[in-house]
>>> print(open('structure_3.pdb').read())   # PDB, N, CA and C atoms
ATOM      1  N   MET A 111      10.723  20.120 -12.664
ATOM      2  CA  MET A 111       9.646  21.056 -12.904
ATOM      3  C   MET A 111       9.621  21.443 -14.367
ATOM      4  N   SER A 112       8.480  21.859 -14.759
ATOM      5  CA  SER A 112       8.272  22.170 -16.148
ATOM      6  C   SER A 112       8.323  23.680 -16.363
ATOM      7  N   TYR A 113       7.939  24.103 -17.513
ATOM      8  CA  TYR A 113       7.934  25.492 -17.935
ATOM      9  C   TYR A 113       7.227  26.396 -16.926
ATOM     10  N   TYR A 114       7.856  27.468 -16.503
ATOM     11  CA  TYR A 114       7.328  28.460 -15.555
ATOM     12  C   TYR A 114       6.955  27.854 -14.204
ATOM     13  N   GLY A 115       7.697  26.864 -13.769
ATOM     14  CA  GLY A 115       7.489  26.313 -12.447
ATOM     15  C   GLY A 115       6.237  25.471 -12.265
ATOM     16  N   GLN A 116       5.568  25.122 -13.336
ATOM     17  CA  GLN A 116       4.372  24.293 -13.237
ATOM     18  C   GLN A 116       4.776  22.840 -13.028
ATOM     19  N   GLN A 117       3.898  22.085 -12.406
ATOM     20  CA  GLN A 117       4.122  20.656 -12.239
ATOM     21  C   GLN A 117       4.038  19.976 -13.601
ATOM     22  N   PRO A 118       4.903  18.979 -13.856
ATOM     23  CA  PRO A 118       4.816  18.273 -15.139
ATOM     24  C   PRO A 118       3.499  17.507 -15.243
ATOM     25  N   HIS A 119       3.028  17.359 -16.465
ATOM     26  CA  HIS A 119       1.817  16.586 -16.706
ATOM     27  C   HIS A 119       2.080  15.137 -16.332
ATOM     28  N   PHE A 120       1.112  14.443 -15.770
ATOM     29  CA  PHE A 120       1.336  13.087 -15.284
ATOM     30  C   PHE A 120       1.682  12.096 -16.390
ATOM     31  N   LEU A 121       1.437  12.437 -17.655
ATOM     32  CA  LEU A 121       1.773  11.535 -18.754
ATOM     33  C   LEU A 121       3.113  11.878 -19.407
ATOM     34  N   GLU A 122       3.932  12.696 -18.780
ATOM     35  CA  GLU A 122       5.220  13.064 -19.360
ATOM     36  C   GLU A 122       6.308  12.027 -19.117
ATOM     37  N   ALA A 123       6.201  11.232 -18.040
ATOM     38  CA  ALA A 123       7.262  10.285 -17.716
ATOM     39  C   ALA A 123       6.680   9.010 -17.117
ATOM     40  N   CYS A 124       7.426   7.927 -17.296
ATOM     41  CA  CYS A 124       7.062   6.637 -16.719
ATOM     42  C   CYS A 124       7.061   6.753 -15.193
ATOM     43  N   PHE A 125       6.048   6.228 -14.557
ATOM     44  CA  PHE A 125       5.918   6.286 -13.107
ATOM     45  C   PHE A 125       7.063   5.551 -12.410
ATOM     46  N   LEU A 126       7.554   4.460 -13.005
ATOM     47  CA  LEU A 126       8.567   3.636 -12.363
ATOM     48  C   LEU A 126       9.986   4.090 -12.676
ATOM     49  N   CYS A 127      10.331   4.181 -13.948
ATOM     50  CA  CYS A 127      11.719   4.474 -14.325
ATOM     51  C   CYS A 127      11.957   5.943 -14.679
ATOM     52  N   ARG A 128      10.903   6.738 -14.737
ATOM     53  CA  ARG A 128      10.961   8.174 -15.040
ATOM     54  C   ARG A 128      11.431   8.490 -16.461
ATOM     55  N   LYS A 129      11.423   7.484 -17.322
ATOM     56  CA  LYS A 129      11.783   7.697 -18.723
ATOM     57  C   LYS A 129      10.706   8.565 -19.369
ATOM     58  N   PRO A 130      11.106   9.579 -20.137
ATOM     59  CA  PRO A 130      10.106  10.422 -20.800
ATOM     60  C   PRO A 130       9.226   9.600 -21.744
ATOM     61  N   LEU A 131       7.944   9.898 -21.722
ATOM     62  CA  LEU A 131       7.008   9.207 -22.601
ATOM     63  C   LEU A 131       6.879  10.011 -23.887
ATOM     64  N   GLY A 132       7.106   9.350 -25.020
ATOM     65  CA  GLY A 132       7.035  10.019 -26.307
ATOM     66  C   GLY A 132       5.607  10.300 -26.736
ATOM     67  N   TYR A 133       5.459  11.286 -27.590
ATOM     68  CA  TYR A 133       4.121  11.663 -28.055
ATOM     69  C   TYR A 133       3.508  10.609 -28.974
ATOM     70  N   ASN A 134       4.334   9.878 -29.704
ATOM     71  CA  ASN A 134       3.815   8.868 -30.626
ATOM     72  C   ASN A 134       4.100   7.448 -30.150
ATOM     73  N   SER A 135       4.380   7.282 -28.873
ATOM     74  CA  SER A 135       4.658   5.940 -28.367
ATOM     75  C   SER A 135       3.505   5.460 -27.492
ATOM     76  N   ASP A 136       3.450   4.167 -27.307
ATOM     77  CA  ASP A 136       2.408   3.588 -26.467
ATOM     78  C   ASP A 136       2.653   3.960 -25.006
ATOM     79  N   ILE A 137       1.570   4.147 -24.279
ATOM     80  CA  ILE A 137       1.640   4.387 -22.847
ATOM     81  C   ILE A 137       0.825   3.283 -22.196
ATOM     82  N   PHE A 138       1.412   2.609 -21.247
ATOM     83  CA  PHE A 138       0.770   1.487 -20.570
ATOM     84  C   PHE A 138       0.265   1.970 -19.217
ATOM     85  N   MET A 139      -1.047   1.967 -19.047
ATOM     86  CA  MET A 139      -1.671   2.517 -17.847
ATOM     87  C   MET A 139      -1.955   1.422 -16.822
ATOM     88  N   TYR A 140      -1.952   1.836 -15.565
ATOM     89  CA  TYR A 140      -2.245   0.933 -14.454
ATOM     90  C   TYR A 140      -3.006   1.726 -13.402
ATOM     91  N   ARG A 141      -4.040   1.130 -12.857
ATOM     92  CA  ARG A 141      -4.875   1.756 -11.832
ATOM     93  C   ARG A 141      -5.422   3.107 -12.269
ATOM     94  N   GLY A 142      -5.822   3.185 -13.497
ATOM     95  CA  GLY A 142      -6.516   4.369 -13.984
ATOM     96  C   GLY A 142      -5.641   5.495 -14.466
ATOM     97  N   ASN A 143      -4.718   5.998 -13.645
ATOM     98  CA  ASN A 143      -3.965   7.181 -14.044
ATOM     99  C   ASN A 143      -2.469   7.078 -13.797
ATOM    100  N   THR A 144      -1.922   5.876 -13.786
ATOM    101  CA  THR A 144      -0.489   5.697 -13.576
ATOM    102  C   THR A 144       0.139   5.217 -14.883
ATOM    103  N   PRO A 145       0.958   6.072 -15.540
ATOM    104  CA  PRO A 145       1.528   5.724 -16.845
ATOM    105  C   PRO A 145       2.873   5.001 -16.740
ATOM    106  N   PHE A 146       3.107   4.095 -17.668
ATOM    107  CA  PHE A 146       4.372   3.366 -17.754
ATOM    108  C   PHE A 146       4.837   3.345 -19.202
ATOM    109  N   CYS A 147       6.155   3.289 -19.402
ATOM    110  CA  CYS A 147       6.717   3.311 -20.750
ATOM    111  C   CYS A 147       6.656   1.948 -21.420
ATOM    112  N   SER A 148       6.532   0.881 -20.627
ATOM    113  CA  SER A 148       6.547  -0.469 -21.206
ATOM    114  C   SER A 148       5.703  -1.415 -20.363
ATOM    115  N   LYS A 149       5.400  -2.554 -20.950
ATOM    116  CA  LYS A 149       4.676  -3.590 -20.220
ATOM    117  C   LYS A 149       5.515  -4.078 -19.041
ATOM    118  N   GLU A 150       6.837  -4.099 -19.225
ATOM    119  CA  GLU A 150       7.735  -4.585 -18.178
ATOM    120  C   GLU A 150       7.705  -3.673 -16.948
ATOM    121  N   CYS A 151       7.757  -2.358 -17.177
ATOM    122  CA  CYS A 151       7.693  -1.422 -16.041
ATOM    123  C   CYS A 151       6.360  -1.547 -15.321
ATOM    124  N   ARG A 152       5.283  -1.633 -16.092
ATOM    125  CA  ARG A 152       3.963  -1.766 -15.487
ATOM    126  C   ARG A 152       3.876  -3.059 -14.685
ATOM    127  N   GLN A 153       4.367  -4.166 -15.236
ATOM    128  CA  GLN A 153       4.314  -5.451 -14.546
ATOM    129  C   GLN A 153       5.138  -5.419 -13.260
ATOM    130  N   GLU A 154       6.280  -4.759 -13.296
ATOM    131  CA  GLU A 154       7.109  -4.645 -12.092
ATOM    132  C   GLU A 154       6.351  -3.901 -10.986
ATOM    133  N   GLN A 155       5.653  -2.829 -11.349
ATOM    134  CA  GLN A 155       4.864  -2.090 -10.366
ATOM    135  C   GLN A 155       3.723  -2.938  -9.833
ATOM    136  N   ILE A 156       3.050  -3.670 -10.687
ATOM    137  CA  ILE A 156       1.960  -4.556 -10.261
ATOM    138  C   ILE A 156       2.485  -5.573  -9.253
ATOM    139  N   GLU A 157       3.640  -6.172  -9.540
ATOM    140  CA  GLU A 157       4.218  -7.165  -8.636
ATOM    141  C   GLU A 157       4.621  -6.542  -7.301
ATOM    142  N   MET A 158       5.158  -5.316  -7.329
ATOM    143  CA  MET A 158       5.509  -4.633  -6.082
ATOM    144  C   MET A 158       4.257  -4.354  -5.257
ATOM    145  N   ASP A 159       3.173  -3.926  -5.922
ATOM    146  CA  ASP A 159       1.928  -3.652  -5.221
ATOM    147  C   ASP A 159       1.346  -4.928  -4.611
ATOM    148  N   GLU A 160       1.371  -6.024  -5.362
ATOM    149  CA  GLU A 160       0.849  -7.294  -4.857
ATOM    150  C   GLU A 160       1.673  -7.787  -3.677
ATOM    151  N   SER A 161       2.989  -7.651  -3.758
ATOM    152  CA  SER A 161       3.860  -8.062  -2.664
ATOM    153  C   SER A 161       3.584  -7.235  -1.413
ATOM    154  N   SER A 162       3.421  -5.942  -1.595
ATOM    155  CA  SER A 162       3.115  -5.054  -0.479
ATOM    156  C   SER A 162       1.767  -5.404   0.134
ATOM    157  N   SER A 163       0.801  -5.706  -0.711
ATOM    158  CA  SER A 163      -0.536  -6.068  -0.239
ATOM    159  C   SER A 163      -0.494  -7.368   0.565
ATOM    160  N   ARG A 164       0.276  -8.353   0.096
ATOM    161  CA  ARG A 164       0.398  -9.623   0.823
ATOM    162  C   ARG A 164       1.053  -9.395   2.185
ATOM    163  N   LYS A 165       2.063  -8.542   2.241
ATOM    164  CA  LYS A 165       2.737  -8.267   3.516
ATOM    165  C   LYS A 165       1.780  -7.604   4.491
ATOM    166  N   LYS A 166       0.965  -6.659   4.009
ATOM    167  CA  LYS A 166       0.002  -5.989   4.876
ATOM    168  C   LYS A 166      -1.025  -6.977   5.399
ATOM    169  N   LYS A 167      -1.507  -7.864   4.518
ATOM    170  CA  LYS A 167      -2.509  -8.847   4.937
ATOM    171  C   LYS A 167      -1.913  -9.799   5.967
ATOM    172  N   SER A 168      -0.682 -10.271   5.758
ATOM    173  CA  SER A 168      -0.081 -11.200   6.709
ATOM    174  C   SER A 168       0.195 -10.498   8.029
ATOM    175  N   TRP A 169       0.540  -9.209   7.989
ATOM    176  CA  TRP A 169       0.751  -8.464   9.219
ATOM    177  C   TRP A 169      -0.562  -8.328   9.978
ATOM    178  N   LYS A 170      -1.641  -8.025   9.265
ATOM    179  CA  LYS A 170      -2.943  -7.894   9.909
ATOM    180  C   LYS A 170      -3.365  -9.222  10.527
ATOM    181  N   ILE A 171      -3.157 -10.315   9.808
ATOM    182  CA  ILE A 171      -3.539 -11.634  10.315
ATOM    183  C   ILE A 171      -2.707 -11.981  11.542
ATOM    184  N   SER A 172      -1.385 -11.759  11.476
ATOM    185  CA  SER A 172      -0.538 -12.117  12.605
ATOM    186  C   SER A 172      -0.817 -11.228  13.803
ATOM    187  N   SER A 173      -1.076  -9.937  13.589
ATOM    188  CA  SER A 173      -1.351  -9.056  14.725
ATOM    189  C   SER A 173      -2.705  -9.367  15.346
ATOM    190  N   SER A 174      -3.696  -9.733  14.523
ATOM    191  CA  SER A 174      -5.011 -10.068  15.087
ATOM    192  C   SER A 174      -4.955 -11.401  15.826
ATOM    193  N   SER A 175      -4.188 -12.352  15.327
ATOM    194  CA  SER A 175      -4.089 -13.629  16.026
ATOM    195  C   SER A 175      -3.283 -13.470  17.308
ATOM    196  N   THR A 176      -2.297 -12.581  17.314
ATOM    197  CA  THR A 176      -1.535 -12.305  18.528
ATOM    198  C   THR A 176      -2.436 -11.660  19.570
ATOM    199  N   ALA A 177      -3.237 -10.700  19.138
ATOM    200  CA  ALA A 177      -4.157 -10.040  20.065
ATOM    201  C   ALA A 177      -5.164 -11.044  20.622
ATOM    202  N   ARG A 178      -5.641 -11.940  19.773
ATOM    203  CA  ARG A 178      -6.590 -12.957  20.209
ATOM    204  C   ARG A 178      -5.946 -13.873  21.240
ATOM    205  N   SER A 179      -4.700 -14.289  21.012
ATOM    206  CA  SER A 179      -4.045 -15.189  21.951
ATOM    207  C   SER A 179      -3.756 -14.475  23.272
ATOM    208  N   ILE A 180      -3.470 -13.175  23.213
ATOM    209  CA  ILE A 180      -3.261 -12.415  24.452
ATOM    210  C   ILE A 180      -4.565 -12.349  25.232
ATOM    211  N   ARG A 181      -5.668 -12.056  24.540
ATOM    212  CA  ARG A 181      -6.965 -12.003  25.220
ATOM    213  C   ARG A 181      -7.307 -13.361  25.828
ATOM    214  N   ASN A 182      -7.041 -14.441  25.093
ATOM    215  CA  ASN A 182      -7.349 -15.775  25.603
ATOM    216  C   ASN A 182      -6.506 -16.095  26.834
ATOM    217  N   SER A 183      -5.224 -15.755  26.808
ATOM    218  CA  SER A 183      -4.368 -16.059  27.954
ATOM    219  C   SER A 183      -4.756 -15.207  29.153
ATOM    220  N   GLU A 184      -5.197 -13.969  28.908
ATOM    221  CA  GLU A 184      -5.637 -13.119  30.016
ATOM    222  C   GLU A 184      -6.907 -13.680  30.648
ATOM    223  N   SER A 185      -7.816 -14.166  29.809
ATOM    224  CA  SER A 185      -9.062 -14.708  30.365
ATOM    225  C   SER A 185      -8.803 -16.003  31.121
ATOM    226  N   GLU A 186      -7.803 -16.786  30.712
ATOM    227  CA  GLU A 186      -7.459 -18.016  31.424
ATOM    228  C   GLU A 186      -6.804 -17.708  32.759
ATOM    229  N   ASP A 187      -6.062 -16.579  32.840
ATOM    230  CA  ASP A 187      -5.373 -16.207  34.069
ATOM    231  C   ASP A 187      -6.331 -15.702  35.135
ATOM    232  N   ASN A 188      -7.492 -15.210  34.731
ATOM    233  CA  ASN A 188      -8.438 -14.654  35.696
ATOM    234  C   ASN A 188      -9.171 -15.772  36.430
ATOM    235  N   SER A 189      -8.957 -15.826  37.716
ATOM    236  CA  SER A 189      -9.703 -16.775  38.530
ATOM    237  C   SER A 189     -10.754 -15.990  39.306
ATOM    238  N   PRO A 190     -11.705 -16.664  39.938
ATOM    239  CA  PRO A 190     -12.765 -15.939  40.649
ATOM    240  C   PRO A 190     -12.218 -15.005  41.734
ATOM    241  N   ASN A 191     -11.055 -15.310  42.305
ATOM    242  CA  ASN A 191     -10.499 -14.499  43.382
ATOM    243  C   ASN A 191      -9.594 -13.385  42.874
ATOM    244  N   THR A 192      -9.299 -13.375  41.583
ATOM    245  CA  THR A 192      -8.406 -12.371  41.027
ATOM    246  C   THR A 192      -9.234 -11.274  40.367
ATOM    247  N   PRO A 193      -9.009 -10.013  40.785
ATOM    248  CA  PRO A 193      -9.758  -8.938  40.126
ATOM    249  C   PRO A 193      -9.318  -8.805  38.671
ATOM    250  N   SER A 194     -10.269  -8.515  37.790
ATOM    251  CA  SER A 194      -9.909  -8.369  36.378
ATOM    252  C   SER A 194      -9.590  -6.910  36.080
ATOM    253  N   VAL A 195      -8.713  -6.718  35.142
ATOM    254  CA  VAL A 195      -8.321  -5.394  34.719
ATOM    255  C   VAL A 195      -8.641  -5.270  33.241
ATOM    256  N   ARG A 196      -9.344  -4.229  32.864
ATOM    257  CA  ARG A 196      -9.673  -4.002  31.466
ATOM    258  C   ARG A 196      -8.731  -2.973  30.891
ATOM    259  N   THR A 197      -8.292  -3.237  29.675
ATOM    260  CA  THR A 197      -7.453  -2.276  28.983
ATOM    261  C   THR A 197      -8.178  -1.850  27.722
ATOM    262  N   GLY A 198      -7.838  -0.680  27.241
ATOM    263  CA  GLY A 198      -8.459  -0.216  26.008
ATOM    264  C   GLY A 198      -8.503   1.303  25.982
ATOM    265  N   THR A 199      -9.340   1.811  25.132
ATOM    266  CA  THR A 199      -9.464   3.244  24.951
ATOM    267  C   THR A 199     -10.659   3.754  25.752
ATOM    268  N   VAL A 200     -10.452   4.870  26.434
ATOM    269  CA  VAL A 200     -11.509   5.484  27.205
ATOM    270  C   VAL A 200     -11.788   6.849  26.602
ATOM    271  N   ALA A 201     -13.036   7.133  26.320
ATOM    272  CA  ALA A 201     -13.418   8.432  25.781
ATOM    273  C   ALA A 201     -14.182   9.196  26.856
ATOM    274  N   VAL A 202     -13.758  10.434  27.077
ATOM    275  CA  VAL A 202     -14.402  11.265  28.086
ATOM    276  C   VAL A 202     -14.971  12.484  27.370
ATOM    277  N   ALA A 203     -16.241  12.765  27.660
ATOM    278  CA  ALA A 203     -16.865  13.925  27.020
ATOM    279  C   ALA A 203     -17.010  15.072  27.978
TER     280      ALA A 203
END
>>> encode(input="structure_3.pdb", output="structure tokens")
Amino acid sequence: MSYYGQQPHFLEACFLCRKPLGYNSDIFMYRGNTPFCSKECRQEQIEMDESSSRKKKSWKISSSSTARSIRNSESEDNSPNTPSVRTGTVAVA
């Protein structure tokens, strides 16, 4: 915390390594308002964000394909003599 319990200004320290940012030194920005002390810190954050984004996308793809295969196997299991059961969300007003 800063003087009199105030939150520190967002440009006081590097977002990644928390190194204090000097008044006469370069500040490397990312995504508009995220400061970094060096190109290396900024690049490391960019790579972490890209890696996280790829993991989320692959999770979404795998979960949607799993759901699709479950729906397909359920529809194959239903024969004319077998009652079908629907699952999902029900909203009651």
>>> closest_residue(input="structure_3.pdb", among="A:Ile171, A:Lys165, A:Phe125, A:Ser135", to="Cys151 of chain A", atoms="only N, CA and C atoms")
A:Phe125
>>> atom_distance(input="structure_3.pdb", atom1="atom C of Leu131 of chain A", atom2="atom C of Thr144 of chain A")
12.2 Å
>>> atom_distance(input="structure_3.pdb", atom1="atom CA of Gln153 of chain A", atom2="atom C of Arg128 of chain A")
15.8 Å
>>> select_by_dssp(input="structure_3.pdb", residues="segment 127-165 of chain A", states="alpha helix (DSSP H)", output="PyMOL selection string")
chain A and resi 149-165
>>> write_last_selection(input="structure_3.pdb", atoms="N, CA and C atoms", output="mmCIF file, in the frame of the given file")
data_model
loop_
_atom_site.group_PDB
_atom_site.id
_atom_site.type_symbol
_atom_site.label_atom_id
_atom_site.label_comp_id
_atom_site.auth_asym_id
_atom_site.auth_seq_id
_atom_site.Cartn_x
_atom_site.Cartn_y
_atom_site.Cartn_z
ATOM 1 N N LYS A 149 5.400 -2.554 -20.950
ATOM 2 C CA LYS A 149 4.676 -3.590 -20.220
ATOM 3 C C LYS A 149 5.515 -4.078 -19.041
ATOM 4 N N GLU A 150 6.837 -4.099 -19.225
ATOM 5 C CA GLU A 150 7.735 -4.585 -18.178
ATOM 6 C C GLU A 150 7.705 -3.673 -16.948
ATOM 7 N N CYS A 151 7.757 -2.358 -17.177
ATOM 8 C CA CYS A 151 7.693 -1.422 -16.041
ATOM 9 C C CYS A 151 6.360 -1.547 -15.321
ATOM 10 N N ARG A 152 5.283 -1.633 -16.092
ATOM 11 C CA ARG A 152 3.963 -1.766 -15.487
ATOM 12 C C ARG A 152 3.876 -3.059 -14.685
ATOM 13 N N GLN A 153 4.367 -4.166 -15.236
ATOM 14 C CA GLN A 153 4.314 -5.451 -14.546
ATOM 15 C C GLN A 153 5.138 -5.419 -13.260
ATOM 16 N N GLU A 154 6.280 -4.759 -13.296
ATOM 17 C CA GLU A 154 7.109 -4.645 -12.092
ATOM 18 C C GLU A 154 6.351 -3.901 -10.986
ATOM 19 N N GLN A 155 5.653 -2.829 -11.349
ATOM 20 C CA GLN A 155 4.864 -2.090 -10.366
ATOM 21 C C GLN A 155 3.723 -2.938 -9.833
ATOM 22 N N ILE A 156 3.050 -3.670 -10.687
ATOM 23 C CA ILE A 156 1.960 -4.556 -10.261
ATOM 24 C C ILE A 156 2.485 -5.573 -9.253
ATOM 25 N N GLU A 157 3.640 -6.172 -9.540
ATOM 26 C CA GLU A 157 4.218 -7.165 -8.636
ATOM 27 C C GLU A 157 4.621 -6.542 -7.301
ATOM 28 N N MET A 158 5.158 -5.316 -7.329
ATOM 29 C CA MET A 158 5.509 -4.633 -6.082
ATOM 30 C C MET A 158 4.257 -4.354 -5.257
ATOM 31 N N ASP A 159 3.173 -3.926 -5.922
ATOM 32 C CA ASP A 159 1.928 -3.652 -5.221
ATOM 33 C C ASP A 159 1.346 -4.928 -4.611
ATOM 34 N N GLU A 160 1.371 -6.024 -5.362
ATOM 35 C CA GLU A 160 0.849 -7.294 -4.857
ATOM 36 C C GLU A 160 1.673 -7.787 -3.677
ATOM 37 N N SER A 161 2.989 -7.651 -3.758
ATOM 38 C CA SER A 161 3.860 -8.062 -2.664
ATOM 39 C C SER A 161 3.584 -7.235 -1.413
ATOM 40 N N SER A 162 3.421 -5.942 -1.595
ATOM 41 C CA SER A 162 3.115 -5.054 -0.479
ATOM 42 C C SER A 162 1.767 -5.404 0.134
ATOM 43 N N SER A 163 0.801 -5.706 -0.711
ATOM 44 C CA SER A 163 -0.536 -6.068 -0.239
ATOM 45 C C SER A 163 -0.494 -7.368 0.565
ATOM 46 N N ARG A 164 0.276 -8.353 0.096
ATOM 47 C CA ARG A 164 0.398 -9.623 0.823
ATOM 48 C C ARG A 164 1.053 -9.395 2.185
ATOM 49 N N LYS A 165 2.063 -8.542 2.241
ATOM 50 C CA LYS A 165 2.737 -8.267 3.516
ATOM 51 C C LYS A 165 1.780 -7.604 4.491
#
>>> axis_aligned_box(input="structure_3.pdb", around="segment 148-161 of chain A", padding_each_side="4 Å", output="AutoDock Vina command-line options")
--center_x 4.3 --center_y -3.6 --center_z -11.3 --size_x 14.9 --size_y 16.9 --size_z 27.8
>>> atom_distance(input="structure_3.pdb", atom1="atom CA of Met158 of chain A", atom2="atom C of Leu121 of chain A")
21.4 Å
>>> residues_around(input="structure_3.pdb", residues="Phe120 of chain A", least_positions_apart="2", cutoff="8 Å", atoms="only C-alpha atoms", output="MDAnalysis selection string")
chainID A and resid 118 122:123 144:145
>>> residues_around(input="structure_3.pdb", residues="Ile137 of chain A", least_positions_apart="3", cutoff="6.5 Å", atoms="all atoms listed in the file", output="list in words")
Pro145, Phe146, Cys147 and Ser148 of chain A
>>> write_last_selection(input="structure_3.pdb", atoms="N, CA and C atoms", output="PDB file, in the coordinates of the input")
ATOM      1  N   PRO A 145       0.958   6.072 -15.540  1.00  0.00           N
ATOM      2  CA  PRO A 145       1.528   5.724 -16.845  1.00  0.00           C
ATOM      3  C   PRO A 145       2.873   5.001 -16.740  1.00  0.00           C
ATOM      4  N   PHE A 146       3.107   4.095 -17.668  1.00  0.00           N
ATOM      5  CA  PHE A 146       4.372   3.366 -17.754  1.00  0.00           C
ATOM      6  C   PHE A 146       4.837   3.345 -19.202  1.00  0.00           C
ATOM      7  N   CYS A 147       6.155   3.289 -19.402  1.00  0.00           N
ATOM      8  CA  CYS A 147       6.717   3.311 -20.750  1.00  0.00           C
ATOM      9  C   CYS A 147       6.656   1.948 -21.420  1.00  0.00           C
ATOM     10  N   SER A 148       6.532   0.881 -20.627  1.00  0.00           N
ATOM     11  CA  SER A 148       6.547  -0.469 -21.206  1.00  0.00           C
ATOM     12  C   SER A 148       5.703  -1.415 -20.363  1.00  0.00           C
TER      13      SER A 148
END
